[in-house]
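Colleague: Here you go, this is entry.txt (compact mmCIF, C-alpha atoms).
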# COMPACT_ATOMS: atom_id res chain seq x y z
CA MET Y 1 -3.98 -38.37 16.86
CA ALA Y 2 -4.59 -37.08 20.38
CA VAL Y 3 -5.80 -33.73 19.07
CA ASP Y 4 -8.11 -35.46 16.60
CA ARG Y 5 -9.52 -37.62 19.37
CA VAL Y 6 -10.19 -34.69 21.67
CA THR Y 7 -11.95 -32.69 18.97
CA ALA Y 8 -14.00 -35.69 17.92
CA LEU Y 9 -15.43 -36.41 21.36
CA PRO Y 10 -17.93 -33.51 21.42
CA ASP Y 11 -19.21 -34.51 17.98
CA GLY Y 12 -19.72 -38.07 19.19
CA HIS Y 13 -21.51 -36.88 22.32
CA ALA Y 14 -23.71 -34.59 20.23
CA ARG Y 15 -24.63 -37.48 17.96
CA MET Y 16 -25.44 -39.63 20.98
CA ARG Y 17 -27.66 -36.88 22.41
CA ARG Y 18 -29.48 -36.54 19.10
CA LEU Y 19 -29.99 -40.30 18.89
CA LEU Y 20 -31.24 -40.41 22.48
CA LEU Y 21 -33.69 -37.56 21.80
CA LEU Y 22 -34.91 -39.29 18.63
CA ALA Y 23 -35.38 -42.55 20.56
CA LEU Y 24 -37.39 -40.77 23.23
CA VAL Y 25 -39.57 -39.14 20.57
CA ILE Y 26 -40.15 -42.53 18.89
CA VAL Y 27 -41.13 -44.08 22.22
CA GLY Y 28 -43.43 -41.13 22.87
CA LEU Y 29 -45.11 -41.71 19.51
CA ALA Y 30 -45.10 -45.48 19.83
CA PRO Y 31 -48.31 -47.45 19.53
CA GLY Y 32 -50.28 -48.60 22.52
CA THR Y 33 -48.52 -51.96 22.71
CA PHE Y 34 -45.73 -50.11 24.52
CA LEU Y 35 -47.63 -47.49 26.46
CA ARG Y 36 -51.12 -48.82 27.11
CA THR Y 37 -52.86 -51.81 28.62
CA PRO Y 38 -53.51 -54.90 26.43
CA ILE Y 39 -55.42 -53.79 23.36
CA GLY Y 40 -57.89 -56.65 23.03
CA LEU Y 41 -59.62 -57.46 19.75
CA ARG Y 42 -60.38 -54.88 17.10
CA SER Y 43 -63.83 -56.47 16.73
CA ASP Y 44 -64.68 -55.59 20.35
CA PRO Y 45 -67.55 -53.07 20.60
CA ALA Y 46 -66.43 -49.48 21.21
CA VAL Y 47 -68.18 -46.91 23.35
CA VAL Y 48 -66.98 -43.48 22.20
CA THR Y 49 -67.29 -40.36 24.32
CA ILE Y 50 -67.03 -36.90 22.73
CA THR Y 51 -66.23 -34.07 25.16
CA PRO Y 52 -66.25 -30.37 24.24
CA LEU Y 53 -63.06 -28.41 24.92
CA ALA Y 54 -62.91 -24.78 25.98
CA GLU Y 55 -59.37 -24.16 24.71
CA ARG Y 56 -59.02 -21.62 21.93
CA ALA Y 57 -55.44 -20.29 22.25
CA GLY Y 58 -52.98 -21.35 19.57
CA VAL Y 59 -55.16 -20.72 16.52
CA SER Y 60 -54.69 -17.77 14.19
CA GLY Y 61 -55.81 -16.82 10.70
CA GLU Y 62 -58.84 -15.99 8.61
CA LEU Y 63 -61.16 -18.80 9.75
CA ALA Y 64 -63.44 -18.68 12.79
CA LEU Y 65 -62.94 -21.57 15.21
CA THR Y 66 -66.43 -22.73 16.22
CA GLY Y 67 -65.78 -25.93 18.15
CA ALA Y 68 -63.23 -28.36 19.56
CA TRP Y 69 -63.84 -31.80 21.06
CA GLU Y 70 -61.86 -34.73 22.43
CA LEU Y 71 -62.75 -38.28 21.37
CA THR Y 72 -62.08 -41.04 23.92
CA SER Y 73 -62.82 -44.73 24.24
CA LYS Y 74 -61.56 -47.62 26.36
CA HIS Y 75 -61.33 -49.70 23.19
CA GLY Y 76 -57.69 -50.78 22.85
CA TRP Y 77 -57.56 -50.01 19.12
CA PHE Y 78 -59.13 -46.57 19.40
CA GLY Y 79 -57.09 -43.64 18.09
CA GLY Y 80 -54.67 -43.02 15.26
CA PHE Y 81 -57.20 -41.11 13.12
CA SER Y 82 -55.36 -40.18 9.95
CA ALA Y 83 -58.12 -39.51 7.39
CA LEU Y 84 -61.44 -37.66 7.26
CA ALA Y 85 -64.21 -37.35 4.66
CA ALA Y 86 -67.63 -35.71 4.54
CA SER Y 87 -70.54 -38.13 4.45
CA THR Y 88 -74.32 -38.37 4.81
CA GLY Y 89 -75.86 -39.58 8.05
CA GLU Y 90 -78.56 -42.16 8.66
CA ASN Y 91 -81.31 -39.55 8.31
CA GLY Y 92 -79.73 -37.69 5.41
CA GLY Y 93 -78.01 -35.14 7.63
CA PRO Y 94 -74.35 -34.12 7.66
CA ALA Y 95 -71.81 -36.65 8.86
CA LEU Y 96 -68.13 -37.52 8.79
CA ILE Y 97 -66.16 -40.69 8.16
CA ALA Y 98 -62.91 -40.90 10.14
CA ALA Y 99 -60.36 -43.67 9.55
CA THR Y 100 -57.26 -44.81 11.38
CA ASP Y 101 -53.83 -45.92 10.27
CA ARG Y 102 -54.63 -49.39 11.62
CA GLY Y 103 -57.52 -49.79 9.23
CA LEU Y 104 -60.54 -48.91 11.36
CA ARG Y 105 -63.46 -46.62 10.55
CA LEU Y 106 -65.64 -44.41 12.76
CA ASP Y 107 -68.81 -42.62 11.61
CA LEU Y 108 -69.75 -39.29 13.21
CA ASP Y 109 -73.21 -37.73 13.08
CA LEU Y 110 -73.15 -33.91 12.84
CA SER Y 111 -76.89 -33.21 12.96
CA GLY Y 112 -77.00 -32.28 16.65
CA GLU Y 113 -75.47 -29.65 18.90
CA GLN Y 114 -72.17 -31.50 18.89
CA PRO Y 115 -70.67 -34.46 16.99
CA ARG Y 116 -71.96 -37.90 17.98
CA ALA Y 117 -70.26 -41.23 17.33
CA ILE Y 118 -72.70 -43.59 15.64
CA PRO Y 119 -72.95 -46.73 17.82
CA GLY Y 120 -71.41 -49.81 16.22
CA SER Y 121 -69.64 -47.83 13.49
CA PHE Y 122 -66.10 -48.35 14.82
CA ARG Y 123 -65.07 -51.32 12.70
CA PHE Y 124 -62.21 -52.73 10.66
CA ILE Y 125 -62.20 -51.85 6.94
CA GLY Y 126 -58.59 -52.73 6.17
CA ILE Y 127 -57.84 -55.55 3.79
CA SER Y 128 -57.13 -59.06 5.12
CA MET Y 129 -55.88 -61.51 2.49
CA ARG Y 130 -57.69 -64.81 2.92
CA GLY Y 131 -55.39 -67.79 3.22
CA ARG Y 132 -52.36 -65.52 3.65
CA ARG Y 133 -50.94 -63.86 6.74
CA GLN Y 134 -51.07 -60.44 5.12
CA GLU Y 135 -53.09 -57.31 5.76
CA TYR Y 136 -53.27 -53.78 4.39
CA VAL Y 137 -54.02 -51.47 7.31
CA ASP Y 138 -52.04 -48.21 6.94
CA LEU Y 139 -55.05 -46.15 5.84
CA GLU Y 140 -53.98 -42.51 5.51
CA SER Y 141 -56.48 -40.77 3.21
CA LEU Y 142 -60.14 -40.88 2.18
CA ALA Y 143 -62.22 -39.60 -0.72
CA ARG Y 144 -65.96 -40.03 -1.27
CA ASP Y 145 -68.50 -39.58 -4.06
CA PRO Y 146 -71.52 -37.90 -2.42
CA ALA Y 147 -73.87 -39.09 -5.17
CA SER Y 148 -73.15 -42.82 -4.99
CA GLY Y 149 -71.67 -43.13 -1.52
CA THR Y 150 -68.59 -44.85 -2.98
CA LEU Y 151 -65.52 -44.46 -0.77
CA TRP Y 152 -61.83 -44.56 -1.73
CA ALA Y 153 -58.96 -45.05 0.73
CA GLY Y 154 -55.24 -44.48 0.27
CA PHE Y 155 -53.01 -47.05 2.01
CA GLU Y 156 -49.59 -45.58 2.52
CA PHE Y 157 -47.23 -48.45 3.39
CA ASP Y 158 -48.29 -50.48 0.36
CA ASN Y 159 -48.99 -47.51 -1.97
CA LEU Y 160 -52.49 -48.76 -2.74
CA ILE Y 161 -55.85 -47.16 -3.46
CA VAL Y 162 -58.85 -49.23 -2.39
CA ARG Y 163 -62.37 -48.46 -3.59
CA TYR Y 164 -65.29 -49.48 -1.38
CA ALA Y 165 -68.72 -49.92 -2.93
CA LYS Y 166 -71.68 -48.75 -0.87
CA ASP Y 167 -72.05 -52.30 0.51
CA GLY Y 168 -68.37 -52.29 1.56
CA THR Y 169 -67.03 -54.53 -1.22
CA PRO Y 170 -63.39 -53.51 -1.86
CA THR Y 171 -61.53 -53.16 -5.15
CA ILE Y 172 -57.75 -52.97 -4.72
CA SER Y 173 -55.51 -51.04 -7.11
CA ALA Y 174 -51.77 -50.30 -7.12
CA PRO Y 175 -51.21 -47.28 -9.41
CA PRO Y 176 -47.79 -47.64 -11.09
CA ALA Y 177 -47.19 -43.89 -10.67
CA MET Y 178 -47.20 -44.40 -6.87
CA ALA Y 179 -45.03 -47.53 -6.85
CA GLU Y 180 -41.82 -45.69 -5.92
CA TRP Y 181 -43.34 -43.46 -3.26
CA SER Y 182 -41.88 -43.78 0.23
CA LEU Y 183 -43.44 -46.51 2.36
CA ASN Y 184 -43.94 -43.98 5.16
CA SER Y 185 -44.57 -40.80 3.18
CA GLY Y 186 -46.95 -41.80 0.41
CA ALA Y 187 -50.61 -41.11 -0.31
CA GLU Y 188 -51.45 -39.10 2.81
CA THR Y 189 -53.53 -36.73 0.66
CA MET Y 190 -56.32 -37.82 -1.66
CA GLU Y 191 -59.47 -36.03 -2.77
CA ARG Y 192 -62.16 -36.64 -5.36
CA LEU Y 193 -62.91 -33.42 -7.22
CA ALA Y 194 -66.37 -32.31 -8.32
CA ASP Y 195 -65.69 -33.19 -11.97
CA GLY Y 196 -64.75 -36.78 -11.11
CA ARG Y 197 -60.97 -36.35 -11.16
CA PHE Y 198 -58.83 -37.51 -8.24
CA LEU Y 199 -55.89 -35.62 -6.74
CA VAL Y 200 -53.28 -37.61 -4.80
CA ILE Y 201 -50.27 -35.85 -3.23
CA ALA Y 202 -47.20 -37.56 -1.79
CA GLU Y 203 -46.39 -36.61 1.77
CA GLY Y 204 -42.68 -37.04 1.16
CA ALA Y 205 -40.83 -34.30 -0.68
CA GLU Y 206 -38.84 -34.85 -3.84
CA PRO Y 207 -35.14 -35.78 -3.45
CA ARG Y 208 -32.93 -32.85 -2.37
CA SER Y 209 -36.01 -30.78 -1.55
CA ASP Y 210 -38.03 -30.12 1.59
CA TRP Y 211 -40.87 -28.32 -0.17
CA LEU Y 212 -41.66 -29.90 -3.57
CA HIS Y 213 -44.18 -32.77 -3.50
CA GLN Y 214 -45.30 -34.94 -6.40
CA ALA Y 215 -49.03 -34.58 -7.09
CA LEU Y 216 -50.96 -36.92 -9.37
CA VAL Y 217 -54.20 -35.96 -11.10
CA PHE Y 218 -56.23 -39.01 -12.17
CA PRO Y 219 -58.77 -38.22 -14.92
CA GLY Y 220 -61.13 -40.78 -13.42
CA ASP Y 221 -61.40 -43.58 -10.89
CA PRO Y 222 -57.87 -44.76 -9.97
CA ALA Y 223 -59.30 -48.17 -9.06
CA GLU Y 224 -60.26 -48.57 -12.73
CA GLY Y 225 -56.69 -48.07 -13.91
CA ALA Y 226 -56.92 -44.40 -14.92
CA THR Y 227 -53.50 -43.02 -15.89
CA PRO Y 228 -52.63 -39.83 -13.97
CA VAL Y 229 -50.82 -36.72 -15.11
CA MET Y 230 -47.98 -35.50 -12.91
CA THR Y 231 -47.71 -32.10 -11.24
CA TRP Y 232 -45.80 -30.77 -8.24
CA TYR Y 233 -47.15 -28.97 -5.19
CA ARG Y 234 -44.85 -26.37 -3.61
CA ALA Y 235 -45.42 -26.55 0.16
CA PRO Y 236 -43.90 -24.15 2.67
CA PRO Y 237 -40.39 -25.45 3.49
CA GLY Y 238 -40.47 -28.04 6.24
CA TYR Y 239 -44.21 -28.67 5.96
CA ASP Y 240 -45.76 -31.76 4.40
CA PRO Y 241 -49.26 -32.15 2.91
CA VAL Y 242 -51.30 -34.67 4.93
CA ASP Y 243 -54.84 -34.26 3.56
CA ALA Y 244 -57.08 -32.13 1.33
CA ALA Y 245 -60.73 -31.16 0.95
CA ALA Y 246 -62.42 -29.76 -2.14
CA LEU Y 247 -64.45 -26.56 -1.79
CA PRO Y 248 -67.20 -25.20 -4.04
CA GLY Y 249 -66.07 -22.93 -6.85
CA GLY Y 250 -62.96 -24.86 -7.92
CA ARG Y 251 -60.86 -24.40 -4.80
CA LEU Y 252 -59.05 -26.83 -2.56
CA LEU Y 253 -58.02 -26.82 1.09
CA ILE Y 254 -54.69 -28.51 1.88
CA LEU Y 255 -53.75 -29.56 5.41
CA LEU Y 256 -50.03 -29.09 6.13
CA ARG Y 257 -48.01 -30.40 9.06
CA ARG Y 258 -44.54 -29.89 10.49
CA VAL Y 259 -43.06 -32.05 13.26
CA VAL Y 260 -40.98 -30.31 15.94
CA TYR Y 261 -38.82 -33.04 17.48
CA SER Y 262 -38.90 -32.71 21.25
CA VAL Y 263 -40.15 -34.77 24.19
CA PRO Y 264 -43.04 -34.97 23.75
CA ALA Y 265 -43.07 -34.17 20.02
CA ARG Y 266 -44.87 -30.98 18.96
CA PHE Y 267 -46.66 -30.33 15.70
CA ASP Y 268 -47.32 -27.13 13.76
CA THR Y 269 -50.29 -27.15 11.37
CA MET Y 270 -51.40 -24.86 8.55
CA ILE Y 271 -54.43 -24.83 6.26
CA ALA Y 272 -53.73 -23.61 2.72
CA LEU Y 273 -56.15 -22.60 -0.03
CA ALA Y 274 -55.38 -23.55 -3.64
CA ASP Y 275 -57.04 -22.81 -6.97
CA LEU Y 276 -57.65 -26.00 -8.96
CA GLY Y 277 -57.12 -23.98 -12.13
CA ASP Y 278 -53.44 -23.68 -11.21
CA ILE Y 279 -52.94 -27.46 -11.32
CA ARG Y 280 -51.70 -28.15 -14.84
CA PRO Y 281 -49.79 -31.14 -16.26
CA GLY Y 282 -46.06 -30.89 -15.66
CA ALA Y 283 -46.37 -27.63 -13.72
CA GLN Y 284 -45.67 -26.55 -10.17
CA TRP Y 285 -48.38 -24.92 -8.09
CA ASP Y 286 -48.80 -23.57 -4.59
CA ALA Y 287 -51.46 -22.41 -2.13
CA LEU Y 288 -52.20 -19.48 0.16
CA ILE Y 289 -51.96 -20.03 3.93
CA VAL Y 290 -55.28 -19.09 5.57
CA GLU Y 291 -55.02 -20.64 9.06
CA ARG Y 292 -52.40 -21.77 11.58
CA LEU Y 293 -52.64 -24.12 14.57
CA GLU Y 294 -49.40 -23.85 16.51
CA GLY Y 295 -49.95 -23.70 20.24
CA GLY Y 296 -51.58 -25.14 23.31
CA VAL Y 297 -53.91 -28.07 22.72
CA PHE Y 298 -53.75 -27.34 18.99
CA ALA Y 299 -50.02 -28.15 18.75
CA ASP Y 300 -50.97 -31.71 17.89
CA ASN Y 301 -50.80 -34.09 14.96
CA PHE Y 302 -53.69 -33.00 12.72
CA GLU Y 303 -53.88 -35.41 9.77
CA GLY Y 304 -57.44 -35.23 8.38
CA ILE Y 305 -59.54 -32.43 6.87
CA ALA Y 306 -63.06 -32.41 5.41
CA TYR Y 307 -65.51 -29.80 4.14
CA VAL Y 308 -69.19 -30.19 5.08
CA PRO Y 309 -71.49 -27.88 3.07
CA SER Y 310 -74.45 -26.12 4.64
CA ARG Y 311 -77.88 -27.43 3.65
CA GLU Y 312 -79.14 -23.88 3.18
CA ASP Y 313 -76.20 -22.68 1.08
CA PRO Y 314 -73.65 -25.29 -0.15
CA ALA Y 315 -71.17 -22.49 -0.88
CA LYS Y 316 -70.92 -22.05 2.88
CA GLY Y 317 -70.27 -24.70 5.48
CA SER Y 318 -67.79 -26.01 8.01
CA ILE Y 319 -64.22 -27.27 7.88
CA TRP Y 320 -63.36 -30.20 10.14
CA LEU Y 321 -59.94 -31.41 11.28
CA ILE Y 322 -59.01 -34.57 13.17
CA VAL Y 323 -55.87 -35.54 15.10
CA ASP Y 324 -53.84 -38.73 14.82
CA ASP Y 325 -52.77 -39.32 18.42
CA ASN Y 326 -50.21 -41.96 17.31
CA LEU Y 327 -51.75 -44.12 20.06
CA SER Y 328 -49.45 -42.27 22.45
CA ILE Y 329 -50.09 -41.30 26.05
CA PHE Y 330 -48.74 -37.82 25.23
CA GLN Y 331 -51.43 -37.04 22.65
CA ARG Y 332 -55.20 -36.92 22.27
CA SER Y 333 -57.77 -37.61 19.55
CA LEU Y 334 -59.15 -34.16 18.79
CA LEU Y 335 -61.87 -32.99 16.43
CA VAL Y 336 -61.93 -29.29 15.46
CA ARG Y 337 -64.44 -27.24 13.48
CA PHE Y 338 -63.98 -23.96 11.59
CA ASP Y 339 -66.61 -21.89 9.82
CA TRP Y 340 -66.28 -21.48 6.05
CA PRO Y 341 -68.06 -18.24 5.06
CA GLY Y 342 -68.14 -18.95 1.34
Reformat the file's structure so that it appears as structure tokens.
Modeller:
Amino acid sequence: MAVDRVTALPDGHARMRRLLLLALVIVGLAPGTFLRTPIGLRSDPAVVTITPLAERAGVSGELALTGAWELTSKHGWFGGFSALAASTGENGGPALIAATDRGLRLDLDLSGEQPRAIPGSFRFIGISMRGRRQEYVDLESLARDPASGTLWAGFEFDNLIVRYAKDGTPTISAPPAMAEWSLNSGAETMERLADGRFLVIAEGAEPRSDWLHQALVFPGDPAEGATPVMTWYRAPPGYDPVDAAALPGGRLLILLRRVVYSVPARFDTMIALADLGDIRPGAQWDALIVERLEGGVFADNFEGIAYVPSREDPAKGSIWLIVDDNLSIFQRSLLVRFDWPG
């Protein structure tokens, strides 16, 4: 018994150290209620400042990095950007819609020298159930129809897809195929394809796998009850898909993330390029890694990706990424732009 006790002590201490490290990481990623001043009301007006960054180290691959900015605001609910979609600005120019995992939206105008937050656009678009103390706020993915302006959002915790008409009217759907997805690793990736189909990929890997992710292809609008076909995306081991953006010519960009547990936590990011022709019912498919973000200011929690076509040549354009800062004092809300040469 004495020998068993002596040999067991190091294992117990190791477990305690691991638990302590995990607790520190969780606190480091905790929302602002722990680490910031009182957050106020989400309906408070937000003044957003966008500051260019000179950092470039930590990026490698085939894409040219053409800009990096930090987004800041004194608004207590600002941050946590987990989804990004291309949009059209007030004057018909290029724009982005960014959304947070607490159900807020921010519109960004891209028509100038640098991104500009549209005044008054930071607002709550989550779902509040009237007469019930219930809300759907964990917005993790966005898709948009450029012709109609209709917007779709994936809500992870409740495994919902919500469609927003151009006037903001929501339609809530709970696809049965997503019902068993993890509450914290669900529809992080959703994209509307050019032919009207929708691709939704689970962030969480299949049981006993750290690389195979269920991917659903809806033949039409998931909010109308379209029944999806099932496929599986093979991600690099240890990396999870967190967003996607369709490109011209039947290709798809997939944003991949890996968490390195330390204090503070560090994140490795990759951008992969897939051929939509490889996505067939019941089949597995993969993608080619074209860019890595793994160091310096870019070792952060990138969770949103969008493709903005050029007005002169839609086959060319820019790729935008946004960071979810987890409302943590250790992280920042970053916006990054790459050139897409077509």
Colleague: Select, from Y:Ala244, Y:Ile50, Y:Ile271, Y:Ile329, the residue with the minimum atom-to-atom distance to Glu113 of chain Y, counting all atoms listed in the file.
Modeller: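 Once distances to Glu113 of chain Y are computed over all atoms listed in the file, the minimum belongs to Y:Ile50.
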Colleague: Just want the 6 Å neighbourhood of segment 211-223 of chain Y, counted on all atoms listed in the file, with same-chain residues fewer than 5 positions away dropped. Output as a ChimeraX atom specification.
Modeller: /Y:173,196-202,205-206,228-237
Colleague: So, with only C-alpha atoms as the atoms that count, which of Y:Met270, Y:Leu41, Y:Ala177, Y:Ala194 lies closest to His75 of chain Y?
Modeller: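 Answer, going by the shortest atom-to-atom distance: Y:Leu41.
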Colleague: Find the residues of segment 176-248 of chain Y that sit at most 6 Å from segment 140-157 of chain Y; for each, write down the nearest two atoms and how far apart they are in Å, to one decimal. Count only C-alpha atoms. Sort by chain, then by number going up, and give it as a Markdown table.
Modeller:
| residue | atom | partner | partner_atom | distance |
| --- | --- | --- | --- | --- |
| Y:Leu183 | CA | Y:Phe157 | CA | 4.4 |
| Y:Asn184 | CA | Y:Phe157 | CA | 5.8 |
| Y:Gly186 | CA | Y:Glu156 | CA | 5.1 |
| Y:Ala187 | CA | Y:Glu156 | CA | 5.4 |
| Y:Glu188 | CA | Y:Glu140 | CA | 5.0 |
| Y:Thr189 | CA | Y:Ser141 | CA | 5.6 |
| Y:Met190 | CA | Y:Ser141 | CA | 5.7 |
| Y:Glu191 | CA | Y:Ala143 | CA | 5.0 |
| Y:Arg192 | CA | Y:Ala143 | CA | 5.5 |
Colleague: Report, in Å with one decimal, the straight-line distance from atom CA of Glu70 of chain Y to atom CA of Asp339 of chain Y.
Modeller: 18.6 Å
Colleague: Quick one: 3 Å padding each side, axis-aligned, all listed atoms of segment 224-237 of chain Y - centre and edge lengths in Å to one decimal, as AutoDock Vina command-line options?
Modeller:
--center_x -50.3 --center_y -36.4 --center_z -6.2 --size_x 25.9 --size_y 30.4 --size_z 25.4
Colleague: What is the atom CA of Ile39 of chain Y to atom CA of Val323 of chain Y distance in Å?
Modeller: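 Computed distance, atom CA of Ile39 of chain Y to atom CA of Val323 of chain Y, equals 20.0 Å.
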Colleague: Counting only C-alpha atoms, which residues of segment 65-107 of chain Y fall within 10 Å of segment 56-59 of chain Y, and what is the closest atom pair for each with its distance in Å at one decimal, ordered by chain and rising number, as CSV?
Modeller:
residue,atom,partner,partner_atom,distance
Y:Leu65,CA,Y:Arg56,CA,7.8
Y:Thr66,CA,Y:Arg56,CA,9.4
Y:Gly67,CA,Y:Arg56,CA,8.9
Y:Ala68,CA,Y:Arg56,CA,8.3
Colleague: Based on the selection just made, write C-alpha atoms of those residues as an mmCIF file, in the coordinates of the input.
Modeller:
data_model
loop_
_atom_site.group_PDB
_atom_site.id
_atom_site.type_symbol
_atom_site.label_atom_id
_atom_site.label_comp_id
_atom_site.auth_asym_id
_atom_site.auth_seq_id
_atom_site.Cartn_x
_atom_site.Cartn_y
_atom_site.Cartn_z
ATOM 1 C CA LEU Y 65 -62.940 -21.570 15.210
ATOM 2 C CA THR Y 66 -66.430 -22.730 16.220
ATOM 3 C CA GLY Y 67 -65.780 -25.930 18.150
ATOM 4 C CA ALA Y 68 -63.230 -28.360 19.560
#
Colleague: With distances taken over only C-alpha atoms, which residue among Y:Val48, Y:Val162, Y:Ala246, Y:Val297 lies nearest Ala272 of chain Y?
Modeller: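 Counting only C-alpha atoms, the residue closest to Ala272 of chain Y is Y:Ala246.
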Colleague: Which residue out of Y:Ile125, Y:Leu96, Y:Ala179, Y:Leu104 has the minimum interatomic distance to Arg163 of chain Y when all atoms listed in the file are used?
Modeller: Y:Ile125
Colleague: So, counting all atoms listed in the file, which residue among Y:Ala274, Y:Ala95, Y:Ala117, Y:Leu193 is closest to Pro309 of chain Y?
Modeller: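 Of all the options, Y:Ala95 lies closest to Pro309 of chain Y.
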